[in-house]
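Listing of model-v9.cif, mmCIF, C-alpha atoms; chains and numbers go by the auth columns
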data_coords
loop_
_atom_site.group_PDB
_atom_site.id
_atom_site.type_symbol
_atom_site.label_atom_id
_atom_site.label_comp_id
_atom_site.label_asym_id
_atom_site.label_seq_id
_atom_site.Cartn_x
_atom_site.Cartn_y
_atom_site.Cartn_z
_atom_site.B_iso_or_equiv
_atom_site.auth_seq_id
_atom_site.auth_asym_id
ATOM 1 C CA MET A 1 62.730 121.771 13.516 0.00 1 A
ATOM 2 C CA THR A 2 63.146 123.073 9.989 0.00 2 A
ATOM 3 C CA THR A 3 65.542 125.974 9.445 0.00 3 A
ATOM 4 C CA VAL A 4 65.940 128.453 6.617 0.00 4 A
ATOM 5 C CA MET A 5 68.900 130.809 6.628 0.00 5 A
ATOM 6 C CA LEU A 6 69.237 134.119 4.855 0.00 6 A
ATOM 7 C CA THR A 7 72.727 134.615 3.474 0.00 7 A
ATOM 8 C CA GLN A 8 74.782 137.111 1.522 0.00 8 A
ATOM 9 C CA ILE A 9 77.489 134.493 0.891 0.00 9 A
ATOM 10 C CA PRO A 10 76.006 131.657 -1.208 0.00 10 A
ATOM 11 C CA GLU A 11 79.046 129.349 -0.748 0.00 11 A
ATOM 12 C CA ILE A 12 78.453 129.273 3.001 0.00 12 A
ATOM 13 C CA GLY A 13 75.447 126.964 2.637 0.00 13 A
ATOM 14 C CA LYS A 14 77.629 124.188 1.278 0.00 14 A
ATOM 15 C CA LYS A 15 80.594 124.722 3.607 0.00 15 A
ATOM 16 C CA LEU A 16 78.449 124.704 6.754 0.00 16 A
ATOM 17 C CA GLN A 17 76.016 122.081 5.401 0.00 17 A
ATOM 18 C CA ILE A 18 73.111 124.399 6.090 0.00 18 A
ATOM 19 C CA PRO A 19 69.852 122.684 5.129 0.00 19 A
ATOM 20 C CA ARG A 20 68.200 125.602 3.331 0.00 20 A
ATOM 21 C CA THR A 21 69.487 129.041 2.373 0.00 21 A
ATOM 22 C CA LEU A 22 68.118 132.057 0.583 0.00 22 A
ATOM 23 C CA HIS A 23 70.878 134.117 -1.016 0.00 23 A
ATOM 24 C CA VAL A 24 69.906 137.787 -1.019 0.00 24 A
ATOM 25 C CA PRO A 25 71.554 140.512 -3.171 0.00 25 A
ATOM 26 C CA PHE A 26 71.385 143.253 -0.539 0.00 26 A
ATOM 27 C CA ARG A 27 74.224 145.158 1.129 0.00 27 A
ATOM 28 C CA ILE A 28 76.114 143.783 4.135 0.00 28 A
ATOM 29 C CA GLY A 29 74.219 144.773 7.277 0.00 29 A
ATOM 30 C CA ARG A 30 70.922 144.966 5.375 0.00 30 A
ATOM 31 C CA PRO A 31 70.095 141.307 4.657 0.00 31 A
ATOM 32 C CA CYS A 32 66.344 141.991 4.491 0.00 32 A
ATOM 33 C CA GLY A 33 66.651 145.021 2.192 0.00 33 A
ATOM 34 C CA GLU A 34 66.862 148.777 2.524 0.00 34 A
ATOM 35 C CA PRO A 35 65.438 150.644 5.557 0.00 35 A
ATOM 36 C CA PHE A 36 61.668 151.231 5.567 0.00 36 A
ATOM 37 C CA ASP A 37 61.111 149.060 2.477 0.00 37 A
ATOM 38 C CA MET A 38 58.458 146.904 4.122 0.00 38 A
ATOM 39 C CA GLU A 39 57.288 145.439 0.833 0.00 39 A
ATOM 40 C CA THR A 40 60.700 143.854 0.249 0.00 40 A
ATOM 41 C CA ARG A 41 60.781 142.750 3.878 0.00 41 A
ATOM 42 C CA GLU A 42 57.568 140.748 3.404 0.00 42 A
ATOM 43 C CA HIS A 43 58.793 139.298 0.106 0.00 43 A
ATOM 44 C CA VAL A 44 62.007 138.102 1.746 0.00 44 A
ATOM 45 C CA VAL A 45 60.175 136.462 4.651 0.00 45 A
ATOM 46 C CA LYS A 46 57.661 134.845 2.303 0.00 46 A
ATOM 47 C CA LYS A 47 60.483 133.393 0.190 0.00 47 A
ATOM 48 C CA MET A 48 62.093 131.995 3.338 0.00 48 A
ATOM 49 C CA LEU A 49 58.792 130.460 4.431 0.00 49 A
ATOM 50 C CA ALA A 50 58.341 128.867 1.011 0.00 50 A
ATOM 51 C CA LEU A 51 61.807 127.301 1.334 0.00 51 A
ATOM 52 C CA ALA A 52 60.808 125.688 4.640 0.00 52 A
ATOM 53 C CA SER A 53 58.750 123.172 2.683 0.00 53 A
ATOM 54 C CA THR A 54 61.618 122.203 0.361 0.00 54 A
ATOM 55 C CA PRO A 55 64.020 119.277 0.914 0.00 55 A
ATOM 56 C CA SER A 56 67.152 119.703 2.994 0.00 56 A
ATOM 57 C CA GLY A 57 69.957 120.879 0.711 0.00 57 A
ATOM 58 C CA THR A 58 67.924 123.497 -1.169 0.00 58 A
ATOM 59 C CA HIS A 59 69.786 126.744 -1.843 0.00 59 A
ATOM 60 C CA ALA A 60 67.774 129.459 -3.568 0.00 60 A
ATOM 61 C CA THR A 61 68.501 132.965 -4.794 0.00 61 A
ATOM 62 C CA TYR A 62 66.222 135.911 -4.087 0.00 62 A
ATOM 63 C CA VAL A 63 65.142 137.743 -7.194 0.00 63 A
ATOM 64 C CA THR A 64 64.275 141.414 -6.692 0.00 64 A
ATOM 65 C CA GLU A 65 60.639 142.027 -7.608 0.00 65 A
ATOM 66 C CA MET B 1 81.980 153.505 25.978 0.00 66 B
ATOM 67 C CA LEU B 2 84.057 151.327 23.644 0.00 67 B
ATOM 68 C CA LYS B 3 87.831 151.422 23.949 0.00 68 B
ATOM 69 C CA ALA B 4 89.539 153.292 21.077 0.00 69 B
ATOM 70 C CA ARG B 5 91.018 150.058 19.740 0.00 70 B
ATOM 71 C CA TYR B 6 87.563 148.552 19.173 0.00 71 B
ATOM 72 C CA VAL B 7 86.143 151.763 17.710 0.00 72 B
ATOM 73 C CA ILE B 8 88.955 151.796 15.122 0.00 73 B
ATOM 74 C CA GLN B 9 88.590 148.048 14.470 0.00 74 B
ATOM 75 C CA SER B 10 84.864 148.496 13.903 0.00 75 B
ATOM 76 C CA LYS B 11 85.307 151.455 11.524 0.00 76 B
ATOM 77 C CA VAL B 12 87.972 149.637 9.488 0.00 77 B
ATOM 78 C CA ILE B 13 85.890 146.475 9.081 0.00 78 B
ATOM 79 C CA ARG B 14 82.692 148.390 8.243 0.00 79 B
ATOM 80 C CA TRP B 15 84.615 150.409 5.645 0.00 80 B
ATOM 81 C CA PHE B 16 86.130 147.215 4.249 0.00 81 B
ATOM 82 C CA SER B 17 82.753 145.483 3.983 0.00 82 B
ATOM 83 C CA THR B 18 81.212 148.525 2.269 0.00 83 B
ATOM 84 C CA TYR B 19 83.913 149.132 -0.331 0.00 84 B
ATOM 85 C CA PHE B 20 85.288 145.600 -0.768 0.00 85 B
ATOM 86 C CA PRO B 21 82.218 143.411 -0.194 0.00 86 B
ATOM 87 C CA GLN B 22 83.531 140.460 -2.213 0.00 87 B
ATOM 88 C CA ALA B 23 86.796 140.329 -0.257 0.00 88 B
ATOM 89 C CA TYR B 24 84.849 140.695 2.994 0.00 89 B
ATOM 90 C CA LYS B 25 82.579 137.797 2.039 0.00 90 B
ATOM 91 C CA LYS B 26 85.588 135.674 1.109 0.00 91 B
ATOM 92 C CA TYR B 27 87.131 136.348 4.528 0.00 92 B
ATOM 93 C CA SER B 28 83.849 135.476 6.295 0.00 93 B
ATOM 94 C CA LEU B 29 83.593 132.228 4.342 0.00 94 B
ATOM 95 C CA LYS B 30 87.151 131.279 5.298 0.00 95 B
ATOM 96 C CA ALA B 31 86.385 131.867 8.983 0.00 96 B
ATOM 97 C CA ALA B 32 83.269 129.662 8.916 0.00 97 B
ATOM 98 C CA LEU B 33 83.540 126.248 10.564 0.00 98 B
ATOM 99 C CA GLU B 34 83.339 123.484 7.947 0.00 99 B
ATOM 100 C CA LYS B 35 80.781 120.747 8.611 0.00 100 B
ATOM 101 C CA SER B 36 80.778 117.237 7.210 0.00 101 B
ATOM 102 C CA GLU B 37 77.126 116.343 7.727 0.00 102 B
ATOM 103 C CA ARG B 38 73.973 118.182 6.808 0.00 103 B
ATOM 104 C CA PRO B 39 71.053 118.034 9.265 0.00 104 B
ATOM 105 C CA GLU B 40 68.104 116.358 7.579 0.00 105 B
ATOM 106 C CA SER B 41 64.766 117.821 8.541 0.00 106 B
ATOM 107 C CA ALA B 42 61.448 117.935 6.772 0.00 107 B
ATOM 108 C CA LEU B 43 58.440 120.033 7.645 0.00 108 B
ATOM 109 C CA ALA B 44 55.686 117.573 8.491 0.00 109 B
ATOM 110 C CA LYS B 45 52.875 120.100 8.071 0.00 110 B
ATOM 111 C CA SER B 46 51.961 122.953 5.771 0.00 111 B
ATOM 112 C CA ILE B 47 53.380 126.400 6.496 0.00 112 B
ATOM 113 C CA LYS B 48 49.793 127.534 7.160 0.00 113 B
ATOM 114 C CA GLU B 49 49.770 125.182 10.145 0.00 114 B
ATOM 115 C CA ALA B 50 53.346 125.724 11.290 0.00 115 B
ATOM 116 C CA LYS B 51 54.687 127.744 14.224 0.00 116 B
ATOM 117 C CA VAL B 52 57.507 130.058 13.118 0.00 117 B
ATOM 118 C CA ALA B 53 60.285 131.799 15.083 0.00 118 B
ATOM 119 C CA LEU B 54 63.156 134.108 14.151 0.00 119 B
ATOM 120 C CA LEU B 55 66.794 133.870 15.160 0.00 120 B
ATOM 121 C CA THR B 56 69.245 136.598 14.247 0.00 121 B
ATOM 122 C CA SER B 57 73.023 136.715 14.606 0.00 122 B
ATOM 123 C CA SER B 58 72.957 140.494 14.088 0.00 123 B
ATOM 124 C CA GLY B 59 73.164 141.284 17.806 0.00 124 B
ATOM 125 C CA VAL B 60 69.524 142.371 18.162 0.00 125 B
ATOM 126 C CA HIS B 61 68.153 142.588 21.704 0.00 126 B
ATOM 127 C CA LEU B 62 65.651 144.518 23.783 0.00 127 B
ATOM 128 C CA ARG B 63 66.853 148.022 24.665 0.00 128 B
ATOM 129 C CA SER B 64 66.196 147.045 28.272 0.00 129 B
ATOM 130 C CA ASP B 65 68.484 143.983 28.020 0.00 130 B
ATOM 131 C CA GLN B 66 72.203 143.739 28.667 0.00 131 B
ATOM 132 C CA PRO B 67 73.973 144.611 25.378 0.00 132 B
ATOM 133 C CA PHE B 68 76.283 141.994 23.888 0.00 133 B
ATOM 134 C CA GLU B 69 79.911 142.211 24.993 0.00 134 B
ATOM 135 C CA MET B 70 82.047 143.430 22.103 0.00 135 B
ATOM 136 C CA GLU B 71 85.397 144.082 23.787 0.00 136 B
ATOM 137 C CA SER B 72 86.606 140.510 23.933 0.00 137 B
ATOM 138 C CA ASP B 73 86.725 137.417 21.744 0.00 138 B
ATOM 139 C CA GLY B 74 82.979 137.874 21.558 0.00 139 B
ATOM 140 C CA ASP B 75 79.751 137.188 23.401 0.00 140 B
ATOM 141 C CA TYR B 76 78.297 133.697 23.096 0.00 141 B
ATOM 142 C CA THR B 77 75.169 134.334 25.142 0.00 142 B
ATOM 143 C CA TYR B 78 71.702 134.827 23.662 0.00 143 B
ATOM 144 C CA ARG B 79 68.755 137.144 24.255 0.00 144 B
ATOM 145 C CA THR B 80 65.093 136.246 24.014 0.00 145 B
ATOM 146 C CA ILE B 81 62.785 138.683 22.254 0.00 146 B
ATOM 147 C CA PRO B 82 59.044 138.436 23.012 0.00 147 B
ATOM 148 C CA SER B 83 56.821 138.393 19.961 0.00 148 B
ATOM 149 C CA GLY B 84 54.824 141.415 21.147 0.00 149 B
ATOM 150 C CA THR B 85 57.924 143.628 21.105 0.00 150 B
ATOM 151 C CA SER B 86 57.734 146.728 18.915 0.00 151 B
ATOM 152 C CA ASP B 87 60.650 147.570 16.624 0.00 152 B
ATOM 153 C CA GLU B 88 61.216 150.726 18.679 0.00 153 B
ATOM 154 C CA ALA B 89 61.914 148.606 21.770 0.00 154 B
ATOM 155 C CA LEU B 90 64.764 146.823 19.993 0.00 155 B
ATOM 156 C CA THR B 91 68.347 147.755 19.237 0.00 156 B
ATOM 157 C CA ALA B 92 71.453 146.104 17.810 0.00 157 B
ATOM 158 C CA THR B 93 74.907 145.719 19.339 0.00 158 B
ATOM 159 C CA HIS B 94 77.536 144.594 16.844 0.00 159 B
ATOM 160 C CA LEU B 95 81.061 145.617 15.956 0.00 160 B
ATOM 161 C CA TYR B 96 81.204 144.526 12.337 0.00 161 B
ATOM 162 C CA TYR B 97 78.270 145.960 10.405 0.00 162 B
ATOM 163 C CA ASP B 98 76.445 149.278 10.156 0.00 163 B
ATOM 164 C CA THR B 99 74.245 149.180 13.250 0.00 164 B
ATOM 165 C CA ASP B 100 73.420 152.906 12.883 0.00 165 B
ATOM 166 C CA THR B 101 71.106 152.050 9.982 0.00 166 B
ATOM 167 C CA ALA B 102 69.734 148.963 11.742 0.00 167 B
ATOM 168 C CA LYS B 103 68.874 151.113 14.766 0.00 168 B
ATOM 169 C CA LYS B 104 66.760 153.357 12.498 0.00 169 B
ATOM 170 C CA ASP B 105 64.907 150.353 11.074 0.00 170 B
ATOM 171 C CA ILE B 106 65.650 147.130 12.936 0.00 171 B
ATOM 172 C CA SER B 107 63.609 145.131 10.416 0.00 172 B
ATOM 173 C CA ILE B 108 66.519 145.178 7.948 0.00 173 B
ATOM 174 C CA VAL B 109 68.114 142.522 10.166 0.00 174 B
ATOM 175 C CA PHE B 110 65.147 141.284 12.220 0.00 175 B
ATOM 176 C CA PRO B 111 61.866 141.168 10.239 0.00 176 B
ATOM 177 C CA LEU B 112 59.516 140.424 13.139 0.00 177 B
ATOM 178 C CA GLN B 113 56.751 142.828 12.053 0.00 178 B
ATOM 179 C CA ALA B 114 56.817 141.373 8.517 0.00 179 B
ATOM 180 C CA LEU B 115 56.444 137.853 9.919 0.00 180 B
ATOM 181 C CA LYS B 116 53.520 138.980 12.076 0.00 181 B
ATOM 182 C CA ALA B 117 51.858 140.685 9.088 0.00 182 B
ATOM 183 C CA ILE B 118 52.168 137.470 7.049 0.00 183 B
ATOM 184 C CA HIS B 119 50.615 135.569 9.939 0.00 184 B
ATOM 185 C CA GLN B 120 47.785 138.121 10.154 0.00 185 B
ATOM 186 C CA ALA B 121 47.130 137.512 6.463 0.00 186 B
ATOM 187 C CA GLY B 122 46.643 133.831 7.257 0.00 187 B
ATOM 188 C CA GLU B 123 49.751 132.597 5.467 0.00 188 B
ATOM 189 C CA VAL B 124 51.480 131.229 8.578 0.00 189 B
ATOM 190 C CA GLY B 125 49.945 129.044 11.267 0.00 190 B
ATOM 191 C CA GLU B 126 51.434 130.715 14.320 0.00 191 B
ATOM 192 C CA VAL B 127 54.211 133.100 15.339 0.00 192 B
ATOM 193 C CA SER B 128 56.263 131.851 18.292 0.00 193 B
ATOM 194 C CA ASP B 129 55.825 133.881 21.477 0.00 194 B
ATOM 195 C CA SER B 130 59.565 134.454 21.600 0.00 195 B
ATOM 196 C CA HIS B 131 62.517 134.822 19.252 0.00 196 B
ATOM 197 C CA ILE B 132 66.292 134.745 19.664 0.00 197 B
ATOM 198 C CA GLY B 133 69.110 137.246 19.222 0.00 198 B
ATOM 199 C CA VAL B 134 72.784 136.212 19.278 0.00 199 B
ATOM 200 C CA TYR B 135 76.021 138.010 18.515 0.00 200 B
ATOM 201 C CA GLY B 136 77.741 136.878 15.326 0.00 201 B
ATOM 202 C CA GLY B 137 80.787 139.095 15.709 0.00 202 B
ATOM 203 C CA THR B 138 82.781 136.498 17.586 0.00 203 B
ATOM 204 C CA ILE B 139 86.326 135.342 16.947 0.00 204 B
ATOM 205 C CA LYS B 140 85.752 131.620 17.521 0.00 205 B
ATOM 206 C CA PRO B 141 82.798 129.724 16.056 0.00 206 B
ATOM 207 C CA GLU B 142 83.057 126.706 18.404 0.00 207 B
ATOM 208 C CA PRO B 143 81.518 128.179 21.611 0.00 208 B
ATOM 209 C CA HIS B 144 78.352 128.886 19.644 0.00 209 B
ATOM 210 C CA GLU B 145 77.787 125.115 19.510 0.00 210 B
ATOM 211 C CA GLN B 146 76.764 125.083 23.193 0.00 211 B
ATOM 212 C CA THR B 147 74.616 128.197 22.779 0.00 212 B
ATOM 213 C CA ALA B 148 72.919 126.542 19.806 0.00 213 B
ATOM 214 C CA LYS B 149 71.980 123.540 21.948 0.00 214 B
ATOM 215 C CA GLU B 150 70.454 125.780 24.646 0.00 215 B
ATOM 216 C CA VAL B 151 68.554 127.837 22.088 0.00 216 B
ATOM 217 C CA ALA B 152 67.329 124.708 20.297 0.00 217 B
ATOM 218 C CA GLN B 153 65.969 123.412 23.602 0.00 218 B
ATOM 219 C CA ILE B 154 64.037 126.655 24.196 0.00 219 B
ATOM 220 C CA LEU B 155 62.550 126.559 20.716 0.00 220 B
ATOM 221 C CA LYS B 156 61.724 122.868 21.062 0.00 221 B
ATOM 222 C CA GLU B 157 59.847 123.551 24.318 0.00 222 B
ATOM 223 C CA ARG B 158 57.851 126.201 22.456 0.00 223 B
ATOM 224 C CA GLU B 159 57.073 123.646 19.729 0.00 224 B
ATOM 225 C CA VAL B 160 58.555 125.774 16.963 0.00 225 B
ATOM 226 C CA ASP B 161 58.314 124.062 13.565 0.00 226 B
ATOM 227 C CA VAL B 162 60.234 126.557 11.431 0.00 227 B
ATOM 228 C CA LEU B 163 63.157 128.760 12.409 0.00 228 B
ATOM 229 C CA LEU B 164 64.149 131.622 10.103 0.00 229 B
ATOM 230 C CA LEU B 165 67.748 132.775 10.550 0.00 230 B
ATOM 231 C CA THR B 166 68.982 136.238 9.607 0.00 231 B
ATOM 232 C CA PRO B 167 72.546 137.607 9.704 0.00 232 B
ATOM 233 C CA GLY B 168 73.836 141.128 10.291 0.00 233 B
#
Is it possible to give me this structure as structure tokens?
Amino acid sequence: MTTVMLTQIPEIGKKLQIPRTLHVPFRIGRPCGEPFDMETREHVVKKMLALASTPSGTHATYVTE
Amino acid sequence: MLKARYVIQSKVIRWFSTYFPQAYKKYSLKAALEKSERPESALAKSIKEAKVALLTSSGVHLRSDQPFEMESDGDYTYRTIPSGTSDEALTATHLYYDTDTAKKDISIVFPLQALKAIHQAGEVGEVSDSHIGVYGGTIKPEPHEQTAKEVAQILKEREVDVLLLTPG
């Protein structure tokens, strides 16, 4: 099973040897963006899905669109 | 009703994470269990053919479920969330982040409707019929290892190819 983790702490991917992470710039407690911003929600999930096809050890940063 | 000690603890940590996010992140990183080996996995199919599930450590569960225990070292159990669940049927139990906002829009921690919309648009093969909620506000990371094995077994039985993990 392939995993992709959303994180607000980029260093955690290396410390925990997490295969794939997406570092998001949002506030603590709002890892998928601000309330009722469904457009951002879909962007975040799409970025995570895209990472699923990358090699283990890939750590990406979410860029606000 | 939470004991006063936990209410105060929760308010202090939420305040700390809001006004000193970098220090809060540093503390969280220090508490994380260091691993020496990285699991190697590769998706053997395209995402348009894959079955996808969500797992959140933000304490999300059905309103009708037993809430996570917060007045202890933590709750290491898990909750299953059927795919057909509406956001209104979900809530979040967690001591260490702003659940008031998450309760207004649960998708900020658990983007199930977004995943289903992406599937409807034909960009994902299948959405798993169930998803997982756990409680990340625990003192010790080790007991989660057993929970992880149980959850992995459930997801394996459902033939999940991709698991998306979201924090609180």
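In this structure, atom CA of Leu127 of chain B sits 26.3 Å away from atom CA of Ala186 of chain B.
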Report as a PyMOL selection string all protein, DNA and RNA residues lying within 8 Å of segment 1-7 of chain A, evaluated on only C-alpha atoms, omitting residues in the same chain fewer than 3 positions from it.
(chain A and resi 10+12+18-24+31+48-49+51-52) or (chain B and resi 106-108+221+225-232)
Take the point (71.1, 136.5, 25.9) as written in the file and pick out every residue within 12 Å of it, counting all atoms listed in the file; give the list as a ChimeraX atom specification.
/B:120-122,124-127,129-134,140-146,158,196-200,212-213,215-216
Give me a file of those residues, with C-alpha atoms, as a short mmCIF file (atom, residue, chain, number, x, y, z; two decimals), in the coordinates of the input.
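See selection06.cif below for the written result:
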data_model
loop_
_atom_site.label_atom_id
_atom_site.label_comp_id
_atom_site.auth_asym_id
_atom_site.auth_seq_id
_atom_site.Cartn_x
_atom_site.Cartn_y
_atom_site.Cartn_z
CA LEU B 120 66.79 133.87 15.16
CA THR B 121 69.24 136.60 14.25
CA SER B 122 73.02 136.72 14.61
CA GLY B 124 73.16 141.28 17.81
CA VAL B 125 69.52 142.37 18.16
CA HIS B 126 68.15 142.59 21.70
CA LEU B 127 65.65 144.52 23.78
CA SER B 129 66.20 147.04 28.27
CA ASP B 130 68.48 143.98 28.02
CA GLN B 131 72.20 143.74 28.67
CA PRO B 132 73.97 144.61 25.38
CA PHE B 133 76.28 141.99 23.89
CA GLU B 134 79.91 142.21 24.99
CA ASP B 140 79.75 137.19 23.40
CA TYR B 141 78.30 133.70 23.10
CA THR B 142 75.17 134.33 25.14
CA TYR B 143 71.70 134.83 23.66
CA ARG B 144 68.76 137.14 24.26
CA THR B 145 65.09 136.25 24.01
CA ILE B 146 62.78 138.68 22.25
CA THR B 158 74.91 145.72 19.34
CA HIS B 196 62.52 134.82 19.25
CA ILE B 197 66.29 134.74 19.66
CA GLY B 198 69.11 137.25 19.22
CA VAL B 199 72.78 136.21 19.28
CA TYR B 200 76.02 138.01 18.52
CA THR B 212 74.62 128.20 22.78
CA ALA B 213 72.92 126.54 19.81
CA GLU B 215 70.45 125.78 24.65
CA VAL B 216 68.55 127.84 22.09
#
Test item: residues at most 9 Å from segment 86-93 of chain B, only C-alpha atoms, excluding those fewer than 5 positions along its chain, as a ChimeraX atom specification:
/A:8-9,12,27-28 /B:78,81
Given the file shown, enumerate the residues that the PyMOL selection byres ((chain B) within 9 of (chain A)) captures and present them as a ChimeraX atom specification.
/B:82-83,86,90-91,93-94,97-112,117,123,161-164,166-167,169-176,178-180,182-183,188-189,217,220-221,224-233
